[in-house]
$ cat data_25.txt   # compact mmCIF, C-alpha atoms
# COMPACT_ATOMS: atom_id res chain seq x y z
CA MET A 196 0.00 0.00 0.00
CA GLU A 197 3.00 2.28 0.43
CA ALA A 198 3.58 1.97 -3.33
CA ALA A 199 0.01 3.10 -3.91
CA ALA A 200 0.55 6.05 -1.58
CA GLU A 201 3.59 7.00 -3.68
CA GLN A 202 1.35 6.72 -6.78
CA LEU A 203 3.56 4.01 -8.26
CA ILE A 204 0.77 1.47 -8.65
CA ASP A 205 -3.00 1.16 -8.37
CA PRO A 206 -3.33 -2.16 -6.53
CA VAL A 207 -5.97 -4.86 -6.75
CA LEU A 208 -5.59 -6.99 -3.63
CA VAL A 209 -6.06 -10.75 -4.02
CA GLY A 210 -6.39 -13.09 -1.06
CA PRO A 211 -8.62 -13.94 1.92
CA GLU A 212 -10.66 -10.75 2.26
CA PRO A 213 -11.38 -11.03 6.01
CA ARG A 214 -7.67 -11.43 6.74
CA ILE A 215 -6.71 -8.57 4.42
CA ARG A 216 -9.19 -6.24 6.11
CA SER A 217 -8.12 -7.39 9.57
CA LEU A 218 -4.44 -6.74 8.84
CA ALA A 219 -5.25 -3.36 7.32
CA ALA A 220 -7.22 -2.35 10.41
CA GLU A 221 -4.45 -3.61 12.69
CA HIS A 222 -1.86 -1.45 10.93
CA GLY A 223 -4.08 1.55 10.29
CA ILE A 224 -4.13 1.13 6.50
CA ASP A 225 -7.00 2.66 4.56
CA LEU A 226 -8.25 0.30 1.83
CA GLU A 227 -10.82 2.75 0.47
CA GLY A 228 -10.78 2.74 -3.32
CA HIS A 229 -8.67 -0.40 -3.62
CA PRO A 230 -10.65 -3.45 -4.80
CA ILE A 231 -10.21 -6.78 -3.04
CA VAL A 232 -10.67 -10.08 -4.88
CA ASP A 233 -11.48 -12.72 -2.28
CA ALA A 234 -9.56 -16.00 -2.45
CA PRO A 235 -9.69 -18.62 0.30
CA HIS A 236 -5.96 -19.42 0.46
CA SER A 237 -2.59 -18.68 -1.12
CA HIS A 238 -2.89 -21.21 -3.96
CA ALA A 239 -6.23 -19.78 -4.97
CA ALA A 240 -4.89 -16.23 -4.66
CA ALA A 241 -2.05 -17.00 -7.07
CA ALA A 242 -4.44 -18.56 -9.58
CA GLN A 243 -6.90 -15.69 -9.31
CA ALA A 244 -4.20 -13.05 -9.71
CA VAL A 245 -2.89 -14.72 -12.87
CA ALA A 246 -6.44 -14.96 -14.19
CA LEU A 247 -6.93 -11.22 -13.66
CA ILE A 248 -3.82 -10.54 -15.75
CA ARG A 249 -5.06 -12.83 -18.52
CA GLU A 250 -8.35 -10.94 -18.50
CA GLY A 251 -6.50 -7.67 -19.05
CA ARG A 252 -7.32 -6.29 -15.61
CA GLY A 253 -3.72 -5.72 -14.60
CA GLU A 254 -0.35 -4.71 -16.06
CA LEU A 255 1.85 -5.94 -13.21
CA LEU A 256 1.83 -8.94 -10.92
CA MET A 257 3.29 -8.60 -7.43
CA LYS A 258 4.03 -11.41 -5.01
CA GLY A 259 2.72 -10.84 -1.52
CA SER A 260 3.22 -13.12 1.48
CA LEU A 261 2.74 -16.37 -0.40
CA HIS A 262 5.70 -18.57 -1.36
CA THR A 263 7.44 -17.87 -4.66
CA ASP A 264 6.83 -21.44 -5.89
CA GLU A 265 3.07 -21.02 -5.45
CA LEU A 266 2.98 -17.93 -7.63
CA MET A 267 5.41 -19.16 -10.28
CA LYS A 268 3.54 -22.46 -10.65
CA GLU A 269 0.49 -20.50 -11.79
CA VAL A 270 2.53 -18.08 -13.91
CA THR A 271 4.23 -20.92 -15.80
CA SER A 272 1.15 -23.11 -16.28
CA SER A 273 0.96 -24.10 -19.95
CA ALA A 274 -2.83 -23.87 -20.00
CA THR A 275 -3.71 -20.93 -17.77
CA GLY A 276 -0.43 -19.13 -17.08
CA LEU A 277 1.37 -16.11 -18.48
CA ARG A 278 4.01 -17.74 -20.65
CA THR A 279 5.25 -16.17 -23.87
CA GLU A 280 7.73 -17.41 -26.47
CA ARG A 281 10.48 -16.28 -24.09
CA ARG A 282 11.75 -18.22 -21.14
CA ILE A 283 11.03 -16.55 -17.83
CA SER A 284 13.97 -15.06 -15.93
CA HIS A 285 14.76 -12.81 -12.99
CA VAL A 286 16.81 -9.62 -12.78
CA PHE A 287 18.21 -7.94 -9.68
CA ILE A 288 18.59 -4.19 -10.24
CA MET A 289 21.30 -3.06 -7.84
CA ASP A 290 22.61 0.29 -6.66
CA VAL A 291 26.00 -0.43 -5.10
CA PRO A 292 27.59 2.28 -2.91
CA GLY A 293 30.89 3.40 -4.41
CA HIS A 294 30.11 2.00 -7.86
CA ALA A 295 29.01 4.55 -10.44
CA GLU A 296 27.02 2.18 -12.64
CA THR A 297 23.62 0.65 -12.01
CA LEU A 298 24.10 -3.12 -12.11
CA PHE A 299 21.70 -5.79 -13.33
CA ILE A 300 22.42 -9.33 -12.12
CA THR A 301 20.66 -12.17 -13.91
CA ASP A 302 19.51 -14.86 -13.35
CA ALA A 303 19.79 -15.31 -9.60
CA ALA A 304 16.30 -16.53 -8.73
CA ILE A 305 14.49 -18.56 -11.41
CA ASN A 306 16.69 -20.67 -13.72
CA ILE A 307 18.90 -23.00 -11.69
CA VAL A 308 21.29 -24.31 -14.36
CA PRO A 309 20.24 -22.61 -17.60
CA ASP A 310 21.28 -24.07 -20.96
CA LEU A 311 22.45 -21.93 -23.87
CA ASP A 312 18.97 -21.26 -25.28
CA THR A 313 17.72 -20.25 -21.85
CA LYS A 314 20.72 -17.96 -21.38
CA ARG A 315 19.91 -16.29 -24.69
CA ASP A 316 16.46 -15.40 -23.33
CA ILE A 317 17.94 -14.38 -19.96
CA VAL A 318 20.23 -11.93 -21.76
CA GLN A 319 17.52 -10.60 -24.07
CA ASN A 320 15.05 -10.12 -21.21
CA ALA A 321 17.61 -8.10 -19.26
CA ILE A 322 18.54 -5.98 -22.29
CA ASP A 323 14.88 -5.24 -22.97
CA LEU A 324 14.39 -4.11 -19.36
CA TRP A 325 17.51 -1.92 -19.43
CA ARG A 326 16.40 -0.20 -22.61
CA GLY A 327 12.74 -0.13 -21.59
CA ILE A 328 13.39 1.90 -18.43
CA GLY A 329 15.38 4.43 -20.42
CA LEU A 330 19.00 3.52 -19.64
CA GLY A 331 20.14 3.26 -23.27
CA THR A 332 22.28 0.51 -24.78
CA PRO A 333 23.74 -1.75 -22.07
CA ASN A 334 27.17 -3.31 -21.73
CA VAL A 335 26.47 -6.99 -21.10
CA ALA A 336 29.22 -8.94 -19.35
CA ILE A 337 28.89 -12.74 -19.51
CA LEU A 338 30.56 -13.88 -16.29
CA SER A 339 32.67 -16.92 -15.55
CA ALA A 340 35.64 -17.68 -13.31
CA VAL A 341 38.14 -16.73 -16.02
CA GLU A 342 38.20 -14.57 -19.13
CA THR A 343 39.55 -17.20 -21.52
CA VAL A 344 37.57 -19.93 -23.25
CA THR A 345 38.36 -23.40 -21.92
CA LYS A 346 36.57 -26.73 -22.26
CA LYS A 347 37.27 -27.33 -18.57
CA ILE A 348 34.77 -24.59 -17.64
CA PRO A 349 31.60 -24.98 -19.76
CA SER A 350 30.31 -21.51 -18.86
CA THR A 351 33.22 -19.97 -20.78
CA ILE A 352 32.15 -21.79 -23.94
CA GLU A 353 28.54 -20.67 -23.50
CA ALA A 354 29.72 -17.09 -22.91
CA ALA A 355 31.61 -17.13 -26.19
CA ALA A 356 28.59 -18.63 -27.95
CA LEU A 357 26.31 -15.89 -26.59
CA CYS A 358 28.66 -13.24 -27.95
CA LYS A 359 28.59 -14.90 -31.37
CA MET A 360 24.77 -15.07 -31.18
CA ALA A 361 24.75 -11.31 -30.62
CA GLU A 362 26.96 -10.86 -33.69
CA ARG A 363 24.47 -12.89 -35.73
CA GLY A 364 21.44 -10.95 -34.53
CA GLN A 365 20.06 -13.67 -32.26
CA ILE A 366 20.48 -11.26 -29.34
CA THR A 367 19.81 -7.58 -29.99
CA GLY A 368 20.01 -4.22 -28.28
CA GLY A 369 23.16 -4.63 -26.19
CA LEU A 370 26.94 -4.89 -26.41
CA LEU A 371 28.11 -8.33 -25.27
CA ASP A 372 31.51 -9.59 -24.15
CA GLY A 373 32.54 -12.76 -22.41
CA PRO A 374 33.71 -14.77 -20.78
CA LEU A 375 34.75 -12.15 -18.26
CA ALA A 376 35.75 -12.68 -14.65
CA PHE A 377 33.93 -10.43 -12.20
CA ASP A 378 36.91 -8.14 -11.61
CA ASN A 379 37.58 -7.36 -15.25
CA ALA A 380 33.86 -7.07 -15.94
CA ILE A 381 33.36 -4.11 -13.60
CA ASP A 382 36.81 -2.61 -12.95
CA PRO A 383 38.59 -0.80 -15.81
CA GLU A 384 42.00 -1.16 -14.16
CA ALA A 385 41.59 -4.91 -13.74
CA ALA A 386 40.62 -5.18 -17.40
CA ARG A 387 43.62 -3.06 -18.42
CA ILE A 388 46.07 -5.13 -16.39
CA LYS A 389 44.81 -8.32 -18.02
CA GLY A 390 44.93 -6.75 -21.47
CA ILE A 391 41.22 -7.03 -22.15
CA GLY A 392 39.97 -4.28 -24.45
CA GLY A 393 36.58 -3.35 -25.85
CA PRO A 394 33.69 -1.26 -24.56
CA VAL A 395 32.31 -3.85 -22.11
CA ALA A 396 35.38 -4.98 -20.15
CA GLY A 397 35.64 -2.91 -17.00
CA HIS A 398 32.31 -1.25 -17.70
CA GLY A 399 29.80 -4.09 -17.36
CA GLN A 400 26.25 -3.03 -16.58
CA ILE A 401 24.29 -6.25 -17.06
CA LEU A 402 26.13 -9.12 -15.36
CA VAL A 403 24.98 -12.52 -16.65
CA VAL A 404 25.95 -15.24 -14.20
CA PRO A 405 26.65 -18.89 -15.07
CA ASP A 406 23.91 -20.29 -12.83
CA LEU A 407 21.51 -19.44 -10.05
CA GLU A 408 23.93 -20.32 -7.24
CA ALA A 409 26.59 -17.94 -8.51
CA GLY A 410 24.05 -15.18 -9.09
CA ASN A 411 22.34 -15.56 -5.75
CA MET A 412 25.64 -15.42 -3.88
CA LEU A 413 26.81 -12.41 -5.89
CA ALA A 414 23.60 -10.47 -5.30
CA LYS A 415 23.55 -11.27 -1.58
CA ASN A 416 27.22 -10.41 -1.20
CA LEU A 417 26.55 -6.99 -2.70
CA THR A 418 23.48 -6.54 -0.50
CA PHE A 419 24.95 -7.59 2.83
CA LEU A 420 28.64 -6.71 2.46
CA ALA A 421 28.49 -3.69 0.14
CA HIS A 422 25.09 -2.52 1.49
CA ALA A 423 23.62 -2.32 -2.01
CA ASP A 424 19.98 -1.48 -2.59
CA ALA A 425 18.22 -4.03 -4.78
CA ALA A 426 14.99 -4.40 -6.70
CA GLY A 427 13.74 -7.68 -8.15
CA ILE A 428 11.78 -8.20 -11.37
CA VAL A 429 10.71 -11.33 -13.26
CA LEU A 430 10.66 -10.96 -17.04
CA GLY A 431 9.59 -13.03 -20.03
CA ALA A 432 5.95 -13.41 -18.95
CA ARG A 433 3.03 -11.43 -20.36
CA VAL A 434 3.60 -8.76 -17.73
CA PRO A 435 6.49 -7.83 -15.41
CA ILE A 436 6.34 -9.66 -12.10
CA ILE A 437 7.50 -7.99 -8.90
CA LEU A 438 9.22 -10.79 -7.03
CA THR A 439 10.64 -9.82 -3.66
CA SER A 440 11.52 -11.90 -0.64
CA ARG A 441 9.16 -11.92 2.31
CA ALA A 442 12.16 -10.67 4.31
CA ASP A 443 12.73 -7.66 2.04
CA GLY A 444 12.22 -4.22 3.52
CA LEU A 445 10.00 -1.40 2.37
CA ARG A 446 12.77 0.30 0.37
CA THR A 447 13.35 -2.83 -1.74
CA ARG A 448 9.64 -3.35 -2.36
CA LEU A 449 9.14 0.27 -3.41
CA ALA A 450 12.15 0.14 -5.71
CA SER A 451 10.84 -3.04 -7.33
CA CYS A 452 7.42 -1.45 -7.84
CA ALA A 453 8.99 1.66 -9.35
CA VAL A 454 11.11 -0.27 -11.85
CA ALA A 455 8.23 -2.53 -12.84
CA ALA A 456 5.86 0.42 -13.25
CA ILE A 457 8.33 2.29 -15.48
CA TYR A 458 8.83 -0.82 -17.61
CA ALA A 459 5.10 -1.54 -17.86
CA ASN A 460 4.52 2.05 -18.99
CA ALA A 461 7.24 1.69 -21.63
CA ARG A 462 5.69 -1.57 -22.89
CA ARG A 463 2.29 0.10 -23.05
CA GLY A 464 3.75 2.92 -25.11
CA ALA A 465 5.53 0.51 -27.45
CA ALA A 466 2.35 -1.49 -27.96
CA ALA A 467 0.48 1.68 -28.93
CA LEU A 468 2.94 2.55 -31.70
CA PRO A 469 1.83 1.73 -35.26
CA ALA A 470 3.41 -1.38 -36.75
$ encode --input "data_25.txt" --output "structure tokens"
Amino acid sequence: MEAAAEQLIDPVLVGPEPRIRSLAAEHGIDLEGHPIVDAPHSHAAAAQAVALIREGRGELLMKGSLHTDELMKEVTSSATGLRTERRISHVFIMDVPGHAETLFITDAAINIVPDLDTKRDIVQNAIDLWRGIGLGTPNVAILSAVETVTKKIPSTIEAAALCKMAERGQITGGLLDGPLAFDNAIDPEAARIKGIGGPVAGHGQILVVPDLEAGNMLAKNLTFLAHADAAGIVLGARVPIILTSRADGLRTRLASCAVAAIYANARRGAAALPA
């Protein structure tokens, strides 16, 4: 409701109505003007929320107190979900103190061990978000443990393949380079010392991790050790999905709402343009 107060979103609340009203009264929250769609439990709430999106009654989907798996099961349902031709992926948008660039980290929450085709969609989803919220053409760093291609580390081979896919137009809208180790992806001096040239090395903005474990640890390291602010968005579905942890604070939730609202507005504008 804080996001509504900031005029970021116009929420439709989905869940057990008596409990929603009880919690609102307990915390002094005014629900006047905000519709409530009653659902008996969390599974039903997830299904009903997805149905509202399919009916065109919403442009964003936001996870509340239910478990992520409950929501994503309904989102990814082949019959009644919100799938598109793209694979679904997650992006952390991070503001790291002392680092001049906004950083996207993907995918640290949805795809556990993505294959090459999935990574192509992960990259394209992140590029589309970067451009959609008005940040221009992104530098996309495909991360691995080293910056040379070796058969001993499969992620280096996939990184090189993704860069070739970008050259062939299979990925569009961003500048790709990889494999890059984390240091020479974000630090110009580290890239210079290792003799890595090009516009991306040392200036990475979208950081594409090899797998979920690496991404999750990187994002949490930045959050808890570097005190970064983070927003979380799921992409590749019919609408952006605001996916935050139940432990996330108000600042993170508001930031996620703001990014998703900007992106939804950009998508609306693009859809209105003549073909």
$ residues_near_point --input "data_25.txt" --point "(38.3, -2.7, -12.5)" --cutoff "9 Å" --atoms "all atoms listed in the file" --output "list in words"
Phe377, Asp378, Asn379, Ala380, Ile381, Asp382, Pro383, Glu384, Ala385, Ala386, Arg387, Ala396, Gly397 and His398 of chain A
$ atom_distance --input "data_25.txt" --atom1 "CA of Gly393 (chain A)" --atom2 "CA of Gly331 (chain A)"
17.9 Å
$ residues_around --input "data_25.txt" --residues "Ala361 (chain A)" --least-positions-apart "5" --cutoff "12 Å" --atoms "all atoms listed in the file" --output "ChimeraX atom specification"
/A:315-316,318-319,322,335,337,354-356,366-373
$ residues_around --input "data_25.txt" --residues "Ile307 (chain A)" --least-positions-apart "2" --cutoff "7 Å" --atoms "all atoms listed in the file" --output "PyMOL selection string"
chain A and resi 305+309+406-407
$ closest_residue --input "data_25.txt" --among "A:Met196, A:Ile317, A:Met267, A:Ala456" --to "Leu226 (chain A)" --atoms "all atoms listed in the file"
A:Met196
$ atom_distance --input "data_25.txt" --atom1 "CA of His236 (chain A)" --atom2 "CA of Ser273 (chain A)"
22.1 Å
$ closest_residue --input "data_25.txt" --among "A:Pro374, A:Pro230, A:Gly464, A:Gly431" --to "Arg252 (chain A)" --atoms "only C-alpha atoms"
A:Pro230
$ atom_distance --input "data_25.txt" --atom1 "CA of Glu227 (chain A)" --atom2 "CA of Gly253 (chain A)"
18.7 Å
$ closest_residue --input "data_25.txt" --among "A:Gly390, A:Pro405, A:Gly427, A:Gly210" --to "Ile288 (chain A)" --atoms "only C-alpha atoms"
A:Gly427
$ residues_around --input "data_25.txt" --residues "Arg216 (chain A)" --least-positions-apart "3" --cutoff "12 Å" --atoms "only C-alpha atoms" --output "list in words"
Leu208, Val209, Gly210, Pro211, Glu212, Pro213, Ala219, Ala220, Glu221, His222, Gly223, Ile224, Asp225, Leu226, Glu227, His229, Pro230, Ile231, Val232 and Asp233 of chain A
$ closest_residue --input "data_25.txt" --among "A:Asp323, A:Ala461, A:Gly251, A:Pro333" --to "Glu296 (chain A)" --atoms "all atoms listed in the file"
A:Pro333
$ residues_around --input "data_25.txt" --residues "region 277-284 of chain A" --least-positions-apart "4" --cutoff "8 Å" --atoms "only C-alpha atoms" --output "list in words"
Val245, Arg249, Val270, Thr271, Ser272, Ser273, Thr301, Asp302, Ala304, Ile305, Asn306, Thr313, Asp316, Ile317, Asn320, Val429, Leu430, Gly431, Ala432, Arg433 and Val434 of chain A
$ closest_residue --input "data_25.txt" --among "A:Ala199, A:Ile300, A:Leu402, A:Val207" --to "Ile248 (chain A)" --atoms "only C-alpha atoms"
A:Val207
$ residues_around --input "data_25.txt" --residues "Ile437 (chain A)" --least-positions-apart "5" --cutoff "12 Å" --atoms "all atoms listed in the file" --output "PyMOL selection string"
chain A and resi 204+254-259+263+266-267+284-288+426-430+432+447-456+458-459
$ closest_residue --input "data_25.txt" --among "A:Leu338, A:Leu218, A:Ala240, A:Val404" --to "Val308 (chain A)" --atoms "all atoms listed in the file"
A:Val404
$ decode --input "data_25.txt" --residues "region 348-459 of chain A" --atoms "C-alpha atoms" --output "PDB file, in the first residue's frame"
ATOM      1  CA  ILE A 348      34.769 -24.587 -17.645  1.00  0.00           C
ATOM      2  CA  PRO A 349      31.602 -24.985 -19.756  1.00  0.00           C
ATOM      3  CA  SER A 350      30.310 -21.515 -18.863  1.00  0.00           C
ATOM      4  CA  THR A 351      33.223 -19.972 -20.782  1.00  0.00           C
ATOM      5  CA  ILE A 352      32.153 -21.790 -23.944  1.00  0.00           C
ATOM      6  CA  GLU A 353      28.543 -20.669 -23.499  1.00  0.00           C
ATOM      7  CA  ALA A 354      29.721 -17.093 -22.909  1.00  0.00           C
ATOM      8  CA  ALA A 355      31.613 -17.127 -26.195  1.00  0.00           C
ATOM      9  CA  ALA A 356      28.588 -18.628 -27.950  1.00  0.00           C
ATOM     10  CA  LEU A 357      26.308 -15.894 -26.594  1.00  0.00           C
ATOM     11  CA  CYS A 358      28.656 -13.236 -27.949  1.00  0.00           C
ATOM     12  CA  LYS A 359      28.586 -14.902 -31.372  1.00  0.00           C
ATOM     13  CA  MET A 360      24.773 -15.068 -31.184  1.00  0.00           C
ATOM     14  CA  ALA A 361      24.750 -11.312 -30.623  1.00  0.00           C
ATOM     15  CA  GLU A 362      26.965 -10.860 -33.685  1.00  0.00           C
ATOM     16  CA  ARG A 363      24.472 -12.892 -35.731  1.00  0.00           C
ATOM     17  CA  GLY A 364      21.438 -10.947 -34.528  1.00  0.00           C
ATOM     18  CA  GLN A 365      20.059 -13.675 -32.257  1.00  0.00           C
ATOM     19  CA  ILE A 366      20.477 -11.259 -29.340  1.00  0.00           C
ATOM     20  CA  THR A 367      19.812  -7.584 -29.993  1.00  0.00           C
ATOM     21  CA  GLY A 368      20.012  -4.216 -28.279  1.00  0.00           C
ATOM     22  CA  GLY A 369      23.159  -4.627 -26.189  1.00  0.00           C
ATOM     23  CA  LEU A 370      26.938  -4.891 -26.410  1.00  0.00           C
ATOM     24  CA  LEU A 371      28.111  -8.332 -25.272  1.00  0.00           C
ATOM     25  CA  ASP A 372      31.507  -9.585 -24.147  1.00  0.00           C
ATOM     26  CA  GLY A 373      32.536 -12.765 -22.414  1.00  0.00           C
ATOM     27  CA  PRO A 374      33.710 -14.770 -20.782  1.00  0.00           C
ATOM     28  CA  LEU A 375      34.751 -12.153 -18.257  1.00  0.00           C
ATOM     29  CA  ALA A 376      35.751 -12.684 -14.648  1.00  0.00           C
ATOM     30  CA  PHE A 377      33.932 -10.432 -12.197  1.00  0.00           C
ATOM     31  CA  ASP A 378      36.906  -8.140 -11.609  1.00  0.00           C
ATOM     32  CA  ASN A 379      37.576  -7.355 -15.247  1.00  0.00           C
ATOM     33  CA  ALA A 380      33.858  -7.070 -15.940  1.00  0.00           C
ATOM     34  CA  ILE A 381      33.362  -4.108 -13.600  1.00  0.00           C
ATOM     35  CA  ASP A 382      36.806  -2.608 -12.947  1.00  0.00           C
ATOM     36  CA  PRO A 383      38.591  -0.797 -15.807  1.00  0.00           C
ATOM     37  CA  GLU A 384      41.999  -1.155 -14.161  1.00  0.00           C
ATOM     38  CA  ALA A 385      41.590  -4.913 -13.739  1.00  0.00           C
ATOM     39  CA  ALA A 386      40.620  -5.182 -17.402  1.00  0.00           C
ATOM     40  CA  ARG A 387      43.620  -3.065 -18.425  1.00  0.00           C
ATOM     41  CA  ILE A 388      46.073  -5.134 -16.392  1.00  0.00           C
ATOM     42  CA  LYS A 389      44.812  -8.318 -18.018  1.00  0.00           C
ATOM     43  CA  GLY A 390      44.935  -6.747 -21.472  1.00  0.00           C
ATOM     44  CA  ILE A 391      41.219  -7.030 -22.155  1.00  0.00           C
ATOM     45  CA  GLY A 392      39.968  -4.281 -24.445  1.00  0.00           C
ATOM     46  CA  GLY A 393      36.584  -3.345 -25.849  1.00  0.00           C
ATOM     47  CA  PRO A 394      33.687  -1.258 -24.557  1.00  0.00           C
ATOM     48  CA  VAL A 395      32.311  -3.849 -22.113  1.00  0.00           C
ATOM     49  CA  ALA A 396      35.376  -4.983 -20.153  1.00  0.00           C
ATOM     50  CA  GLY A 397      35.642  -2.908 -17.002  1.00  0.00           C
ATOM     51  CA  HIS A 398      32.309  -1.248 -17.705  1.00  0.00           C
ATOM     52  CA  GLY A 399      29.800  -4.087 -17.365  1.00  0.00           C
ATOM     53  CA  GLN A 400      26.251  -3.032 -16.582  1.00  0.00           C
ATOM     54  CA  ILE A 401      24.289  -6.254 -17.058  1.00  0.00           C
ATOM     55  CA  LEU A 402      26.127  -9.125 -15.361  1.00  0.00           C
ATOM     56  CA  VAL A 403      24.981 -12.515 -16.654  1.00  0.00           C
ATOM     57  CA  VAL A 404      25.951 -15.235 -14.197  1.00  0.00           C
ATOM     58  CA  PRO A 405      26.647 -18.888 -15.071  1.00  0.00           C
ATOM     59  CA  ASP A 406      23.914 -20.293 -12.834  1.00  0.00           C
ATOM     60  CA  LEU A 407      21.511 -19.439 -10.045  1.00  0.00           C
ATOM     61  CA  GLU A 408      23.926 -20.324  -7.242  1.00  0.00           C
ATOM     62  CA  ALA A 409      26.588 -17.935  -8.506  1.00  0.00           C
ATOM     63  CA  GLY A 410      24.048 -15.177  -9.094  1.00  0.00           C
ATOM     64  CA  ASN A 411      22.343 -15.560  -5.751  1.00  0.00           C
ATOM     65  CA  MET A 412      25.642 -15.422  -3.879  1.00  0.00           C
ATOM     66  CA  LEU A 413      26.814 -12.411  -5.891  1.00  0.00           C
ATOM     67  CA  ALA A 414      23.599 -10.472  -5.297  1.00  0.00           C
ATOM     68  CA  LYS A 415      23.547 -11.269  -1.583  1.00  0.00           C
ATOM     69  CA  ASN A 416      27.222 -10.407  -1.201  1.00  0.00           C
ATOM     70  CA  LEU A 417      26.546  -6.990  -2.701  1.00  0.00           C
ATOM     71  CA  THR A 418      23.475  -6.538  -0.501  1.00  0.00           C
ATOM     72  CA  PHE A 419      24.946  -7.592   2.832  1.00  0.00           C
ATOM     73  CA  LEU A 420      28.637  -6.711   2.457  1.00  0.00           C
ATOM     74  CA  ALA A 421      28.487  -3.689   0.143  1.00  0.00           C
ATOM     75  CA  HIS A 422      25.090  -2.524   1.485  1.00  0.00           C
ATOM     76  CA  ALA A 423      23.619  -2.322  -2.013  1.00  0.00           C
ATOM     77  CA  ASP A 424      19.976  -1.475  -2.592  1.00  0.00           C
ATOM     78  CA  ALA A 425      18.220  -4.034  -4.777  1.00  0.00           C
ATOM     79  CA  ALA A 426      14.986  -4.399  -6.703  1.00  0.00           C
ATOM     80  CA  GLY A 427      13.743  -7.682  -8.151  1.00  0.00           C
ATOM     81  CA  ILE A 428      11.776  -8.200 -11.368  1.00  0.00           C
ATOM     82  CA  VAL A 429      10.712 -11.332 -13.264  1.00  0.00           C
ATOM     83  CA  LEU A 430      10.659 -10.960 -17.043  1.00  0.00           C
ATOM     84  CA  GLY A 431       9.590 -13.034 -20.026  1.00  0.00           C
ATOM     85  CA  ALA A 432       5.949 -13.413 -18.954  1.00  0.00           C
ATOM     86  CA  ARG A 433       3.029 -11.431 -20.363  1.00  0.00           C
ATOM     87  CA  VAL A 434       3.603  -8.762 -17.727  1.00  0.00           C
ATOM     88  CA  PRO A 435       6.492  -7.831 -15.414  1.00  0.00           C
ATOM     89  CA  ILE A 436       6.336  -9.664 -12.097  1.00  0.00           C
ATOM     90  CA  ILE A 437       7.502  -7.987  -8.896  1.00  0.00           C
ATOM     91  CA  LEU A 438       9.220 -10.791  -7.028  1.00  0.00           C
ATOM     92  CA  THR A 439      10.636  -9.817  -3.661  1.00  0.00           C
ATOM     93  CA  SER A 440      11.518 -11.897  -0.641  1.00  0.00           C
ATOM     94  CA  ARG A 441       9.163 -11.919   2.308  1.00  0.00           C
ATOM     95  CA  ALA A 442      12.160 -10.665   4.313  1.00  0.00           C
ATOM     96  CA  ASP A 443      12.734  -7.656   2.041  1.00  0.00           C
ATOM     97  CA  GLY A 444      12.223  -4.223   3.521  1.00  0.00           C
ATOM     98  CA  LEU A 445      10.000  -1.397   2.369  1.00  0.00           C
ATOM     99  CA  ARG A 446      12.768   0.296   0.370  1.00  0.00           C
ATOM    100  CA  THR A 447      13.349  -2.830  -1.745  1.00  0.00           C
ATOM    101  CA  ARG A 448       9.643  -3.348  -2.362  1.00  0.00           C
ATOM    102  CA  LEU A 449       9.139   0.272  -3.406  1.00  0.00           C
ATOM    103  CA  ALA A 450      12.153   0.136  -5.709  1.00  0.00           C
ATOM    104  CA  SER A 451      10.840  -3.036  -7.329  1.00  0.00           C
ATOM    105  CA  CYS A 452       7.422  -1.454  -7.837  1.00  0.00           C
ATOM    106  CA  ALA A 453       8.989   1.658  -9.348  1.00  0.00           C
ATOM    107  CA  VAL A 454      11.114  -0.275 -11.852  1.00  0.00           C
ATOM    108  CA  ALA A 455       8.226  -2.532 -12.836  1.00  0.00           C
ATOM    109  CA  ALA A 456       5.860   0.422 -13.249  1.00  0.00           C
ATOM    110  CA  ILE A 457       8.331   2.289 -15.485  1.00  0.00           C
ATOM    111  CA  TYR A 458       8.831  -0.819 -17.605  1.00  0.00           C
ATOM    112  CA  ALA A 459       5.104  -1.536 -17.859  1.00  0.00           C
TER     113      ALA A 459
END
